[in-house]
>>> print(open('work-v7.cif').read())   # mmCIF, C-alpha atoms
data_protein
#
loop_
_atom_site.label_atom_id
_atom_site.label_comp_id
_atom_site.auth_asym_id
_atom_site.auth_seq_id
_atom_site.Cartn_x
_atom_site.Cartn_y
_atom_site.Cartn_z
CA MET A 1 76.14 40.80 -36.40
CA SER A 2 73.31 39.69 -34.11
CA GLU A 3 70.71 37.14 -35.15
CA HIS A 4 68.12 39.93 -35.15
CA SER A 5 70.14 42.08 -37.56
CA LEU A 6 70.86 39.11 -39.82
CA VAL A 7 67.21 38.19 -40.05
CA ARG A 8 66.15 41.80 -40.55
CA ASP A 9 68.50 42.11 -43.51
CA SER A 10 67.10 38.88 -44.96
CA LEU A 11 63.45 39.90 -44.76
CA TYR A 12 63.41 41.19 -48.33
CA GLU A 13 64.67 37.89 -49.73
CA TYR A 14 62.15 36.11 -47.52
CA VAL A 15 59.24 38.17 -48.86
CA MET A 16 60.43 37.70 -52.44
CA GLY A 17 60.82 33.94 -51.93
CA GLU A 18 64.54 34.04 -52.70
CA LEU A 19 65.85 32.35 -49.56
CA PRO A 20 66.94 28.71 -49.54
CA ALA A 21 64.91 26.40 -47.29
CA GLY A 22 67.35 26.45 -44.34
CA GLU A 23 67.51 30.23 -44.14
CA ARG A 24 63.76 30.53 -44.62
CA GLU A 25 63.17 28.35 -41.59
CA ARG A 26 65.67 30.40 -39.62
CA VAL A 27 63.75 33.61 -40.42
CA GLU A 28 60.44 31.97 -39.51
CA ARG A 29 61.84 30.74 -36.17
CA HIS A 30 63.10 34.24 -35.35
CA ILE A 31 59.98 36.18 -36.25
CA GLN A 32 57.86 33.95 -34.04
CA ASN A 33 59.67 35.44 -31.05
CA CYS A 34 60.47 38.94 -32.35
CA GLN A 35 57.70 41.49 -32.42
CA GLN A 36 59.80 44.09 -34.25
CA CYS A 37 60.71 41.73 -37.10
CA THR A 38 57.08 40.60 -37.35
CA GLY A 39 56.04 44.25 -37.74
CA ASP A 40 58.85 44.95 -40.22
CA LEU A 41 57.86 41.90 -42.23
CA GLU A 42 54.26 43.01 -42.45
CA GLN A 43 55.26 46.51 -43.55
CA LEU A 44 57.74 45.17 -46.08
CA ARG A 45 55.02 42.98 -47.61
CA GLU A 46 52.81 46.04 -47.94
CA THR A 47 55.57 48.08 -49.59
CA VAL A 48 56.58 45.33 -51.99
CA GLY A 49 52.90 44.82 -52.84
CA LEU A 50 52.62 48.46 -53.80
CA VAL A 51 56.01 49.12 -55.37
CA ARG A 52 56.12 46.08 -57.58
CA ARG A 53 58.66 44.94 -60.03
CA PRO A 54 57.55 46.14 -63.43
CA ALA A 55 55.39 43.70 -65.35
CA LEU A 56 56.28 45.59 -68.52
CA ARG A 57 59.85 46.69 -68.99
CA MET A 58 60.38 50.07 -70.60
CA SER A 59 62.55 48.52 -73.29
CA ASP A 60 59.60 46.34 -74.34
CA THR A 61 57.75 49.47 -75.47
CA ARG A 62 60.31 50.09 -78.22
CA PRO A 63 60.42 48.12 -81.49
CA ASP A 64 63.43 46.03 -82.54
CA SER A 65 64.24 48.62 -85.21
CA TYR A 66 64.77 51.17 -82.45
CA TRP A 67 67.40 49.01 -80.76
CA GLN A 68 69.12 48.33 -84.08
CA ALA A 69 69.26 52.07 -84.71
CA GLN A 70 70.69 52.62 -81.24
CA ALA A 71 73.35 49.99 -81.85
CA ASP A 72 74.10 51.71 -85.17
CA ALA A 73 74.48 55.02 -83.34
CA VAL A 74 76.88 53.53 -80.78
CA GLU A 75 78.95 51.85 -83.47
CA GLY A 76 78.97 55.07 -85.50
CA ARG A 77 80.27 57.07 -82.54
CA ILE A 78 83.00 54.53 -81.84
CA ARG A 79 84.12 54.44 -85.48
CA ARG A 80 84.01 58.23 -85.64
CA ASN A 81 86.14 58.58 -82.51
CA GLU A 82 88.68 56.18 -83.91
CA ALA A 83 88.71 57.92 -87.29
CA GLN A 84 89.25 61.30 -85.63
CA LYS A 85 92.12 59.94 -83.53
CA SER A 86 93.91 58.65 -86.61
CA ALA A 87 93.02 61.61 -88.85
CA PRO A 88 95.70 63.89 -90.30
CA ALA A 89 95.76 67.62 -89.50
CA VAL A 90 92.49 69.44 -90.14
CA PRO A 91 92.49 71.21 -93.50
CA ARG A 92 92.07 74.94 -93.19
CA PHE A 93 89.62 74.95 -96.08
CA ALA A 94 87.09 73.53 -93.66
CA GLU A 95 86.93 76.95 -92.02
CA LEU A 96 85.75 78.44 -95.28
CA LEU A 97 83.00 75.89 -95.49
CA ASP A 98 82.12 76.74 -91.90
CA MET A 99 81.70 80.34 -92.92
CA VAL A 100 79.32 79.37 -95.71
CA TRP A 101 77.17 77.28 -93.43
CA ASN A 102 77.17 79.63 -90.46
CA ASN A 103 76.32 82.79 -92.39
CA ARG A 104 73.11 81.62 -93.94
CA LYS A 105 71.62 85.13 -94.01
CA SER A 106 74.23 86.36 -96.41
CA PHE A 107 73.35 83.82 -99.04
CA SER A 108 75.17 85.77 -101.69
CA LEU A 109 78.37 85.25 -99.76
CA ALA A 110 77.61 81.55 -99.58
CA ALA A 111 77.00 81.42 -103.31
CA GLY A 112 80.19 83.38 -103.94
CA SER A 113 82.13 80.99 -101.74
CA LEU A 114 80.73 77.92 -103.42
CA ALA A 115 83.75 77.65 -105.63
CA VAL A 116 85.99 77.71 -102.57
CA ALA A 117 83.76 75.16 -100.85
CA ALA A 118 84.11 72.91 -103.87
CA VAL A 119 87.86 72.97 -103.38
CA ALA A 120 87.38 72.25 -99.69
CA LEU A 121 85.24 69.27 -100.47
CA VAL A 122 87.96 67.83 -102.60
CA LEU A 123 89.39 67.09 -99.18
CA LEU A 124 86.33 65.04 -98.20
CA VAL A 125 88.17 61.98 -99.31
CA ARG A 126 91.69 60.99 -98.39
CA LYS A 127 93.13 61.40 -101.88
CA PRO A 128 92.23 63.67 -104.82
CA PRO A 129 90.03 62.04 -107.48
CA PRO A 130 91.97 60.57 -110.39
CA PRO A 131 91.48 61.28 -114.06
CA LEU A 132 88.88 58.73 -115.13
CA GLU A 133 90.61 57.88 -118.37
CA GLN A 134 93.45 56.26 -116.39
CA SER A 135 91.16 53.39 -115.52
CA PRO A 136 91.76 50.46 -115.27
CA PRO A 137 94.62 51.08 -112.82
CA ALA A 138 97.93 49.61 -113.76
CA VAL A 139 99.79 50.42 -110.54
CA ALA A 140 98.91 50.40 -106.86
CA GLY A 141 98.73 54.22 -106.61
CA MET A 142 96.13 54.37 -109.32
CA ALA A 143 94.09 51.70 -107.58
CA VAL A 144 93.90 53.96 -104.53
CA ALA A 145 92.85 56.88 -106.67
CA ALA A 146 90.12 54.84 -108.35
CA THR A 147 88.81 53.93 -104.88
CA ASP A 148 88.62 57.64 -104.03
CA THR A 149 86.44 58.34 -107.04
CA GLN A 150 84.19 55.60 -105.76
CA ASN A 151 84.09 57.35 -102.38
CA VAL A 152 83.03 60.63 -103.93
CA LYS A 153 80.30 58.76 -105.80
CA LYS A 154 79.20 57.03 -102.61
CA MET A 155 79.08 60.32 -100.75
CA THR A 156 77.11 61.92 -103.59
CA GLN A 157 74.64 59.04 -103.60
CA TYR A 158 74.33 59.14 -99.82
CA LEU A 159 73.62 62.88 -99.87
CA ARG A 160 71.05 62.50 -102.65
CA GLN A 161 69.18 59.73 -100.83
CA SER A 162 69.34 61.64 -97.56
CA LYS A 163 68.01 64.74 -99.25
CA ASN A 164 65.12 62.78 -100.78
CA LEU A 165 64.28 61.32 -97.39
CA LEU A 166 64.42 64.68 -95.64
CA VAL A 167 62.30 66.33 -98.33
CA GLY A 168 59.81 63.46 -98.11
CA LEU A 169 59.50 63.81 -94.34
CA THR A 170 59.21 67.58 -94.57
CA ASN A 171 56.40 67.41 -97.13
CA MET A 172 54.62 64.37 -95.73
CA LYS A 173 50.94 65.01 -95.17
CA ILE A 174 49.61 63.39 -92.02
CA ARG A 175 46.21 63.94 -90.52
CA PRO A 176 46.14 64.40 -86.75
CA GLU A 177 43.45 61.75 -86.38
CA SER A 178 45.19 59.03 -88.41
CA PRO A 179 48.72 57.77 -87.80
CA GLY A 180 51.21 57.86 -90.67
CA ASP A 181 52.97 54.90 -92.22
CA ILE A 182 56.68 55.61 -92.49
CA ALA A 183 57.80 52.00 -92.81
CA ALA A 184 59.61 52.76 -96.07
CA GLU A 185 61.38 55.77 -94.52
CA ARG A 186 62.44 53.61 -91.59
CA GLU A 187 64.00 51.06 -93.92
CA ILE A 188 65.79 53.73 -95.96
CA SER A 189 67.07 55.33 -92.76
CA ARG A 190 68.56 52.04 -91.63
CA GLN A 191 70.31 51.61 -94.99
CA LEU A 192 71.63 55.17 -94.87
CA LEU A 193 72.94 54.66 -91.34
CA GLN A 194 74.90 51.67 -92.60
CA GLU A 195 76.25 53.70 -95.53
CA ALA A 196 77.23 56.54 -93.19
CA ARG A 197 79.28 54.08 -91.13
CA VAL A 198 81.26 53.11 -94.22
CA LEU A 199 81.66 56.73 -95.29
CA ARG A 200 83.07 57.69 -91.90
CA GLU A 201 86.02 55.44 -92.54
CA THR A 202 86.86 57.58 -95.57
CA VAL A 203 85.81 61.06 -94.55
CA PHE A 204 88.10 62.93 -92.21
CA ASP A 205 87.11 66.55 -92.70
CA PRO A 206 85.40 67.64 -89.43
CA ARG A 207 82.68 69.61 -91.23
CA SER A 208 81.74 66.57 -93.29
CA VAL A 209 81.75 64.41 -90.17
CA GLU A 210 79.47 66.96 -88.50
CA LEU A 211 77.12 66.82 -91.47
CA LEU A 212 77.05 63.01 -91.24
CA ASP A 213 76.35 63.36 -87.49
CA ASN A 214 73.49 65.77 -88.09
CA ILE A 215 71.92 63.52 -90.68
CA ASP A 216 72.49 60.50 -88.42
CA GLY A 217 70.60 62.26 -85.63
CA ILE A 218 67.48 62.37 -87.82
CA LEU A 219 68.01 58.91 -89.32
CA VAL A 220 68.31 57.30 -85.87
CA LYS A 221 65.05 58.91 -84.84
CA VAL A 222 63.28 57.78 -88.03
CA ALA A 223 64.70 54.25 -87.76
CA GLY A 224 63.53 54.02 -84.16
CA THR A 225 60.10 55.55 -84.59
CA ASP A 226 57.20 53.47 -83.36
CA GLU A 227 54.80 52.05 -85.87
CA PRO A 228 52.47 53.64 -86.80
CA SER A 229 53.88 57.11 -86.38
CA SER A 230 51.82 59.89 -84.97
CA LEU A 231 51.80 63.48 -86.11
CA PRO A 232 53.83 64.65 -83.07
CA ASP A 233 56.57 62.13 -83.98
CA ILE A 234 56.81 63.45 -87.52
CA ASP A 235 56.60 67.05 -86.32
CA LEU A 236 59.50 66.41 -83.97
CA LEU A 237 61.58 65.11 -86.87
CA ARG A 238 60.60 68.05 -89.05
CA ARG A 239 61.57 70.47 -86.30
CA GLY A 240 64.97 68.77 -86.06
CA ILE A 241 65.48 69.07 -89.81
CA ARG A 242 64.40 72.71 -89.79
CA GLU A 243 66.35 73.82 -86.72
CA GLN A 244 69.60 72.37 -88.04
CA ASN A 245 68.93 73.79 -91.49
CA LEU A 246 69.78 70.31 -92.63
CA LEU A 247 68.33 70.42 -96.12
CA PHE A 248 70.34 73.52 -96.92
CA LYS A 249 73.54 71.90 -95.66
CA VAL A 250 72.90 68.74 -97.65
CA ARG A 251 72.16 70.68 -100.82
CA MET A 252 75.29 72.80 -100.40
CA ALA A 253 77.44 69.75 -99.86
CA GLU A 254 75.79 68.01 -102.81
CA THR A 255 76.41 70.96 -105.10
CA ALA A 256 80.01 71.26 -103.98
CA LEU A 257 80.60 67.55 -104.55
CA GLN A 258 79.13 67.79 -108.05
CA SER A 259 81.57 70.61 -108.80
CA THR A 260 84.38 68.42 -107.54
CA MET A 261 83.31 65.58 -109.81
CA THR A 262 82.96 67.90 -112.80
CA ALA A 263 86.43 69.32 -112.15
CA GLY A 264 87.73 65.74 -112.00
CA TYR A 265 86.17 64.89 -115.37
CA ARG A 266 87.50 68.04 -117.04
CA LYS A 267 90.94 67.37 -115.74
CA MET B 1 80.02 35.04 -84.43
CA ALA B 2 76.42 34.82 -83.26
CA ALA B 3 77.18 31.76 -81.14
CA ALA B 4 80.29 33.30 -79.59
CA THR B 5 80.44 33.48 -75.82
CA GLU B 6 80.62 36.80 -74.05
CA GLN B 7 84.28 36.21 -73.19
CA GLN B 8 85.10 35.58 -76.84
CA LEU B 9 83.26 38.71 -77.93
CA ILE B 10 85.08 40.81 -75.32
CA ALA B 11 88.43 39.40 -76.46
CA GLN B 12 87.61 40.19 -80.10
CA ALA B 13 86.32 43.67 -79.24
CA ARG B 14 89.56 44.36 -77.40
CA GLN B 15 91.38 43.54 -80.63
CA GLY B 16 89.30 46.24 -82.31
CA SER B 17 86.46 44.17 -83.75
CA HIS B 18 83.50 46.49 -84.14
CA GLU B 19 81.30 43.56 -85.11
CA ALA B 20 82.03 41.74 -81.86
CA TYR B 21 81.37 44.84 -79.79
CA ARG B 22 78.15 45.48 -81.65
CA LEU B 23 76.95 42.01 -80.61
CA LEU B 24 77.74 42.89 -77.00
CA VAL B 25 75.79 46.14 -77.42
CA GLU B 26 72.81 44.28 -78.89
CA ARG B 27 72.87 41.81 -75.98
CA HIS B 28 72.89 44.42 -73.23
CA ILE B 29 71.32 47.57 -74.62
CA ARG B 30 67.77 46.86 -73.44
CA GLU B 31 68.79 46.15 -69.85
CA ALA B 32 71.06 49.20 -69.86
CA TYR B 33 68.17 51.35 -71.05
CA ASP B 34 65.76 49.95 -68.44
CA LEU B 35 68.31 50.73 -65.78
CA ALA B 36 69.03 54.26 -67.04
CA VAL B 37 65.39 55.21 -67.43
CA GLY B 38 64.79 54.12 -63.83
CA PHE B 39 67.25 56.79 -62.72
CA VAL B 40 66.76 59.64 -65.16
CA ARG B 41 63.01 59.18 -65.76
CA ASP B 42 63.21 60.54 -69.30
CA HIS B 43 63.50 58.64 -72.56
CA ASP B 44 65.87 61.05 -74.31
CA ASP B 45 68.15 61.32 -71.28
CA ALA B 46 68.19 57.53 -70.90
CA GLU B 47 69.06 57.18 -74.60
CA ASP B 48 72.00 59.57 -74.20
CA VAL B 49 73.20 57.82 -71.05
CA VAL B 50 73.10 54.41 -72.71
CA GLN B 51 75.00 55.55 -75.81
CA ASP B 52 77.61 57.30 -73.67
CA ALA B 53 77.94 54.22 -71.47
CA PHE B 54 78.60 51.89 -74.39
CA VAL B 55 81.13 54.27 -75.95
CA ARG B 56 82.94 54.64 -72.62
CA ALA B 57 82.84 50.92 -72.02
CA TYR B 58 84.42 50.33 -75.43
CA ASN B 59 87.19 52.84 -74.70
CA SER B 60 87.77 51.24 -71.30
CA LEU B 61 87.77 47.64 -72.52
CA PRO B 62 91.56 47.32 -72.17
CA GLY B 63 91.12 47.94 -68.43
CA PHE B 64 88.27 45.43 -68.03
CA ARG B 65 89.78 42.63 -65.98
CA GLY B 66 86.91 40.24 -66.49
CA ASP B 67 86.50 39.37 -62.81
CA SER B 68 82.84 40.35 -63.05
CA ARG B 69 80.30 39.89 -65.83
CA PHE B 70 80.46 42.41 -68.67
CA GLY B 71 76.88 43.36 -67.81
CA THR B 72 77.77 44.13 -64.19
CA TRP B 73 80.71 46.24 -65.30
CA LEU B 74 78.57 48.05 -67.89
CA TYR B 75 75.76 48.68 -65.38
CA ARG B 76 78.26 50.38 -63.10
CA ILE B 77 79.05 52.82 -65.91
CA VAL B 78 75.33 53.29 -66.63
CA VAL B 79 74.60 53.97 -62.95
CA ASN B 80 77.45 56.48 -62.65
CA LEU B 81 76.42 58.34 -65.80
CA SER B 82 72.77 58.27 -64.75
CA LEU B 83 73.56 59.68 -61.32
CA ASN B 84 75.65 62.44 -62.90
CA ARG B 85 72.77 63.25 -65.20
CA VAL B 86 70.32 63.32 -62.29
CA LYS B 87 72.65 65.62 -60.37
CA GLN B 88 72.75 68.02 -63.32
CA GLU B 89 68.98 67.91 -63.60
CA LYS B 90 68.51 68.63 -59.90
CA THR B 91 69.37 72.26 -60.40
CA ARG B 92 66.62 72.60 -62.97
CA ALA B 93 62.97 72.96 -62.18
CA GLU B 94 61.05 69.82 -61.32
CA ARG B 95 60.04 68.29 -64.59
CA GLU B 96 56.74 66.80 -65.51
CA LEU B 97 56.71 63.05 -65.12
CA PRO B 98 57.13 61.31 -68.43
CA MET B 99 54.05 59.49 -69.48
CA PHE B 100 55.66 56.09 -69.85
CA SER B 101 58.32 55.78 -67.19
CA ALA B 102 55.84 55.79 -64.30
CA SER B 103 54.19 52.68 -65.66
CA ALA B 104 57.44 50.77 -65.21
CA LEU B 105 57.19 51.03 -61.47
CA VAL B 106 53.88 49.32 -60.87
CA GLY B 107 52.79 45.90 -61.99
CA ARG B 108 49.96 45.80 -64.44
CA ASN B 109 48.82 42.33 -63.58
CA ASP B 110 45.63 43.11 -61.76
CA GLY B 111 45.15 46.74 -62.74
CA ARG B 112 44.59 47.75 -59.11
CA TYR B 113 47.16 50.51 -59.27
CA ASP B 114 46.81 51.39 -62.89
CA ASP B 115 46.30 55.04 -62.10
CA ALA B 116 48.68 57.77 -63.23
CA ASP B 117 48.43 59.70 -59.95
CA VAL B 118 49.32 56.70 -57.82
CA ARG B 119 52.22 55.84 -60.11
CA GLY B 120 53.40 59.42 -59.94
CA HIS B 121 53.42 59.29 -56.13
CA ILE B 122 55.38 56.05 -56.13
CA GLU B 123 57.90 57.42 -58.58
CA ARG B 124 58.32 60.60 -56.59
CA ALA B 125 58.81 58.60 -53.38
CA LEU B 126 61.53 56.62 -55.10
CA HIS B 127 63.32 59.66 -56.40
CA GLU B 128 63.22 61.43 -53.06
CA LEU B 129 65.35 58.69 -51.54
CA PRO B 130 69.03 59.42 -50.89
CA THR B 131 71.17 58.50 -53.89
CA LEU B 132 72.55 55.19 -52.66
CA GLN B 133 69.19 53.97 -51.34
CA ARG B 134 67.54 54.90 -54.62
CA ALA B 135 70.22 53.10 -56.59
CA VAL B 136 69.83 49.98 -54.46
CA VAL B 137 66.02 49.99 -54.73
CA ILE B 138 66.18 50.39 -58.51
CA LEU B 139 68.86 47.77 -59.08
CA ARG B 140 67.72 45.21 -56.53
CA HIS B 141 63.96 45.64 -56.50
CA MET B 142 63.03 47.13 -59.87
CA GLU B 143 65.68 45.41 -61.98
CA GLY B 144 65.74 42.23 -59.89
CA LEU B 145 69.54 41.95 -59.79
CA SER B 146 71.04 39.80 -57.06
CA THR B 147 72.44 41.34 -53.89
CA ARG B 148 75.94 40.31 -54.98
CA GLU B 149 75.59 41.94 -58.39
CA VAL B 150 74.28 45.16 -56.87
CA SER B 151 77.16 45.22 -54.38
CA ARG B 152 79.62 44.88 -57.28
CA ILE B 153 77.95 47.60 -59.32
CA LEU B 154 77.84 50.04 -56.43
CA ARG B 155 81.17 48.89 -54.98
CA CYS B 156 79.86 48.26 -51.49
CA SER B 157 79.33 45.21 -49.29
CA GLU B 158 76.32 42.92 -49.60
CA GLY B 159 75.37 43.92 -46.07
CA THR B 160 75.27 47.57 -47.13
CA VAL B 161 73.02 46.66 -50.06
CA LYS B 162 70.61 44.81 -47.75
CA THR B 163 70.56 47.63 -45.23
CA HIS B 164 69.96 50.33 -47.85
CA LEU B 165 67.28 48.24 -49.50
CA PHE B 166 65.46 47.78 -46.22
CA ARG B 167 65.74 51.45 -45.28
CA GLY B 168 64.85 52.64 -48.77
CA LEU B 169 61.71 50.53 -48.98
CA GLU B 170 60.83 51.57 -45.43
CA LYS B 171 61.05 55.26 -46.36
CA MET B 172 58.97 54.67 -49.45
CA ARG B 173 56.34 52.94 -47.36
CA GLU B 174 56.20 55.95 -45.00
CA LYS B 175 55.80 58.34 -47.91
CA LEU B 176 53.10 56.20 -49.47
CA GLU B 177 51.22 55.53 -46.23
CA PHE B 178 48.41 57.85 -47.31
CA LEU B 179 47.66 55.61 -50.30
CA LYS B 180 46.80 52.81 -47.92
CA GLU B 181 44.52 55.12 -45.98
CA GLU B 182 42.77 56.01 -49.22
CA GLY B 183 42.21 52.33 -49.86
CA VAL B 184 44.55 51.96 -52.83
#
>>> encode(input="work-v7.cif", output="structure tokens")
Amino acid sequence: MSEHSLVRDSLYEYVMGELPAGERERVERHIQNCQQCTGDLEQLRETVGLVRRPALRMSDTRPDSYWQAQADAVEGRIRRNEAQKSAPAVPRFAELLDMVWNNRKSFSLAAGSLAVAAVALVLLVRKPPPPLEQSPPAVAGMAVAATDTQNVKKMTQYLRQSKNLLVGLTNMKIRPESPGDIAAEREISRQLLQEARVLRETVFDPRSVELLDNIDGILVKVAGTDEPSSLPDIDLLRRGIREQNLLFKVRMAETALQSTMTAGYRK
Amino acid sequence: MAAATEQQLIAQARQGSHEAYRLLVERHIREAYDLAVGFVRDHDDAEDVVQDAFVRAYNSLPGFRGDSRFGTWLYRIVVNLSLNRVKQEKTRAERELPMFSASALVGRNDGRYDDADVRGHIERALHELPTLQRAVVILRHMEGLSTREVSRILRCSEGTVKTHLFRGLEKMREKLEFLKEEGV
């Protein structure tokens, strides 16, 4: 490569002050005798002056909570992928639950299928819930069963808290001229994202995983919302909740889980 | 684990430690986002790209030889995913410029260019560059990565990086010549 080409390729570093002293002097020696490089240098200075490195990085415009929520989302996806890879065969009952959720217009069918859905949701956890009177467990198998009851309880609690949050966001009154304070909702969303990560290690039914994903989608947005939140932010969240019919899905799952628990107690 | 070096975290993540990988995510997610948004120009798209990149990076960790920094390796994934996303978007109608991404391209120090129209022109000039030149300008000039790092990310020689940077900035200057005439 000729001296001219070498210097020409180094002009950017020269303009940005990145060249070591020796190379800087070499460029300066060359441009004294090269009209083309002198012209290029002048034009490069103009361009760099106009197209500057950003003083404010885009990531600086987002709060720390947003990045935590993003990290939660990444971790959730990784855990979910791993859980799906190691999951046993998909239970066919999930298809019935699909039918309930996808045929929202025929609500009577959904209500009629609730009993079936309750059976399907027994499969939300790896093992069937144990009879409570067998507690405390005396053998290892019973210990596993007791853990499963805990999982059902955790799932029930998670669904209830999620429902409360979604209802709160849906009914929140915000005036267009004044931003809303959803600091509490942000905190709850972060907690629920953590709980969802734990639940994913237990839940293997694809419909349940999808429900967790759908809820996560809203929680991540809430957790990452700027403070204070504007009406468009909240409206966007509400639209997401509405379009996915999320409250209905949560209520259905909640009802089905309650039936599962009741059946467990009766047994 | 907070004081662990990057190499230690990578080794632990390879063993399946989600906690270690999460620390790597937290260390690099802002830079990855800045890089992605420079290519895709849209917050939601950049968010998707970054999440996909970290998930892919995790799945590919067994193949990470460690002969470059984790960040360099990750940025390569981010750039590839971003370029794919841009290619998909190309078939769609030209979108409105997002209100915040344009501001990333111009310094705010003196406020001389703090005008949405000017920023829009600069951003358009950048995105009209051929793919490789645009990638080099974003990585080298906007993100301030070294020539060596950029050459590793884009898998080309340092000479190619320098040439594309020079040509890319030259083309941008030609496209933005009218701003000078208007006294901007």
>>> residues_near_point(input="work-v7.cif", point="(70.9, 56.6, -92.4)", cutoff="8 Å", atoms="only C-alpha atoms", output="ChimeraX atom specification")
/A:162,188-196,215-216,219-220
>>> write_last_selection(input="work-v7.cif", atoms="C-alpha atoms", output="CSV table (one decimal), in the coordinates of the input")
chain,number,residue,atom,x,y,z
A,162,SER,CA,69.3,61.6,-97.6
A,188,ILE,CA,65.8,53.7,-96.0
A,189,SER,CA,67.1,55.3,-92.8
A,190,ARG,CA,68.6,52.0,-91.6
A,191,GLN,CA,70.3,51.6,-95.0
A,192,LEU,CA,71.6,55.2,-94.9
A,193,LEU,CA,72.9,54.7,-91.3
A,194,GLN,CA,74.9,51.7,-92.6
A,195,GLU,CA,76.2,53.7,-95.5
A,196,ALA,CA,77.2,56.5,-93.2
A,215,ILE,CA,71.9,63.5,-90.7
A,216,ASP,CA,72.5,60.5,-88.4
A,219,LEU,CA,68.0,58.9,-89.3
A,220,VAL,CA,68.3,57.3,-85.9
>>> residues_around(input="work-v7.cif", residues="Ala69 (chain A)", least_positions_apart="2", cutoff="7 Å", atoms="only C-alpha atoms", output="PyMOL selection string")
chain A and resi 65-67+71-73+190+220+223-224
>>> resolve_selection(input="work-v7.cif", expression="the PyMOL selection byres ((chain B and resi 49) around 10)", output="PyMOL selection string")
chain B and resi 32-33+36-37+40+43-48+50-55+77-85
>>> closest_residue(input="work-v7.cif", among="B:Gly120, B:Gly63, B:Pro130, B:Gly71", to="chain A", atoms="only C-alpha atoms")
B:Gly120
>>> closest_residue(input="work-v7.cif", among="A:Arg45, A:Arg239, A:Arg29, A:Arg197", to="Glu13 (chain A)", atoms="only C-alpha atoms")
A:Arg45
>>> closest_residue(input="work-v7.cif", among="B:Thr147, B:Ser157, B:Thr72, B:Gln15", to="chain A", atoms="only C-alpha atoms")
B:Thr147
>>> interface_residues(input="work-v7.cif", of="chain A", to="chain B", cutoff="8 Å", atoms="only C-alpha atoms", output="list in words")
Asp9, Ser10, Tyr12, Gln43, Leu44, Glu46, Thr47, Val48, Leu50, Val51, Arg52, Arg53, Pro54, Ala55, Leu56, Arg57, Met58, Ser59, Trp67, Gln68, Gln70, Ala71, Ala73, Val74, Glu75, Arg77 and Ile78 of chain A
>>> build_atoms(input="work-v7.cif", residues="region 20-33 of chain B", atoms="N, CA and C atoms", output="compact mmCIF listing (two decimals), in the frame of the given file")
# COMPACT_ATOMS: atom_id res chain seq x y z
N ALA B 20 82.17 42.44 -83.15
CA ALA B 20 82.03 41.74 -81.86
C ALA B 20 81.42 42.67 -80.81
N TYR B 21 81.89 43.91 -80.80
CA TYR B 21 81.37 44.84 -79.79
C TYR B 21 79.90 45.15 -80.06
N ARG B 22 79.56 45.21 -81.33
CA ARG B 22 78.15 45.48 -81.65
C ARG B 22 77.27 44.36 -81.09
N LEU B 23 77.74 43.12 -81.18
CA LEU B 23 76.95 42.01 -80.61
C LEU B 23 76.78 42.17 -79.10
N LEU B 24 77.84 42.63 -78.44
CA LEU B 24 77.74 42.89 -77.00
C LEU B 24 76.71 44.00 -76.73
N VAL B 25 76.75 45.03 -77.57
CA VAL B 25 75.79 46.14 -77.42
C VAL B 25 74.37 45.60 -77.57
N GLU B 26 74.16 44.80 -78.63
CA GLU B 26 72.81 44.28 -78.89
C GLU B 26 72.34 43.39 -77.74
N ARG B 27 73.27 42.69 -77.08
CA ARG B 27 72.87 41.81 -75.98
C ARG B 27 72.45 42.58 -74.73
N HIS B 28 73.07 43.74 -74.52
CA HIS B 28 72.89 44.42 -73.23
C HIS B 28 72.13 45.73 -73.31
N ILE B 29 71.82 46.20 -74.51
CA ILE B 29 71.32 47.57 -74.62
C ILE B 29 69.94 47.74 -73.97
N ARG B 30 69.11 46.71 -74.03
CA ARG B 30 67.77 46.86 -73.44
C ARG B 30 67.85 46.97 -71.92
N GLU B 31 68.65 46.11 -71.31
CA GLU B 31 68.79 46.15 -69.85
C GLU B 31 69.42 47.48 -69.41
N ALA B 32 70.40 47.93 -70.20
CA ALA B 32 71.06 49.20 -69.86
C ALA B 32 70.05 50.34 -69.91
N TYR B 33 69.18 50.30 -70.91
CA TYR B 33 68.17 51.35 -71.05
C TYR B 33 67.17 51.30 -69.89
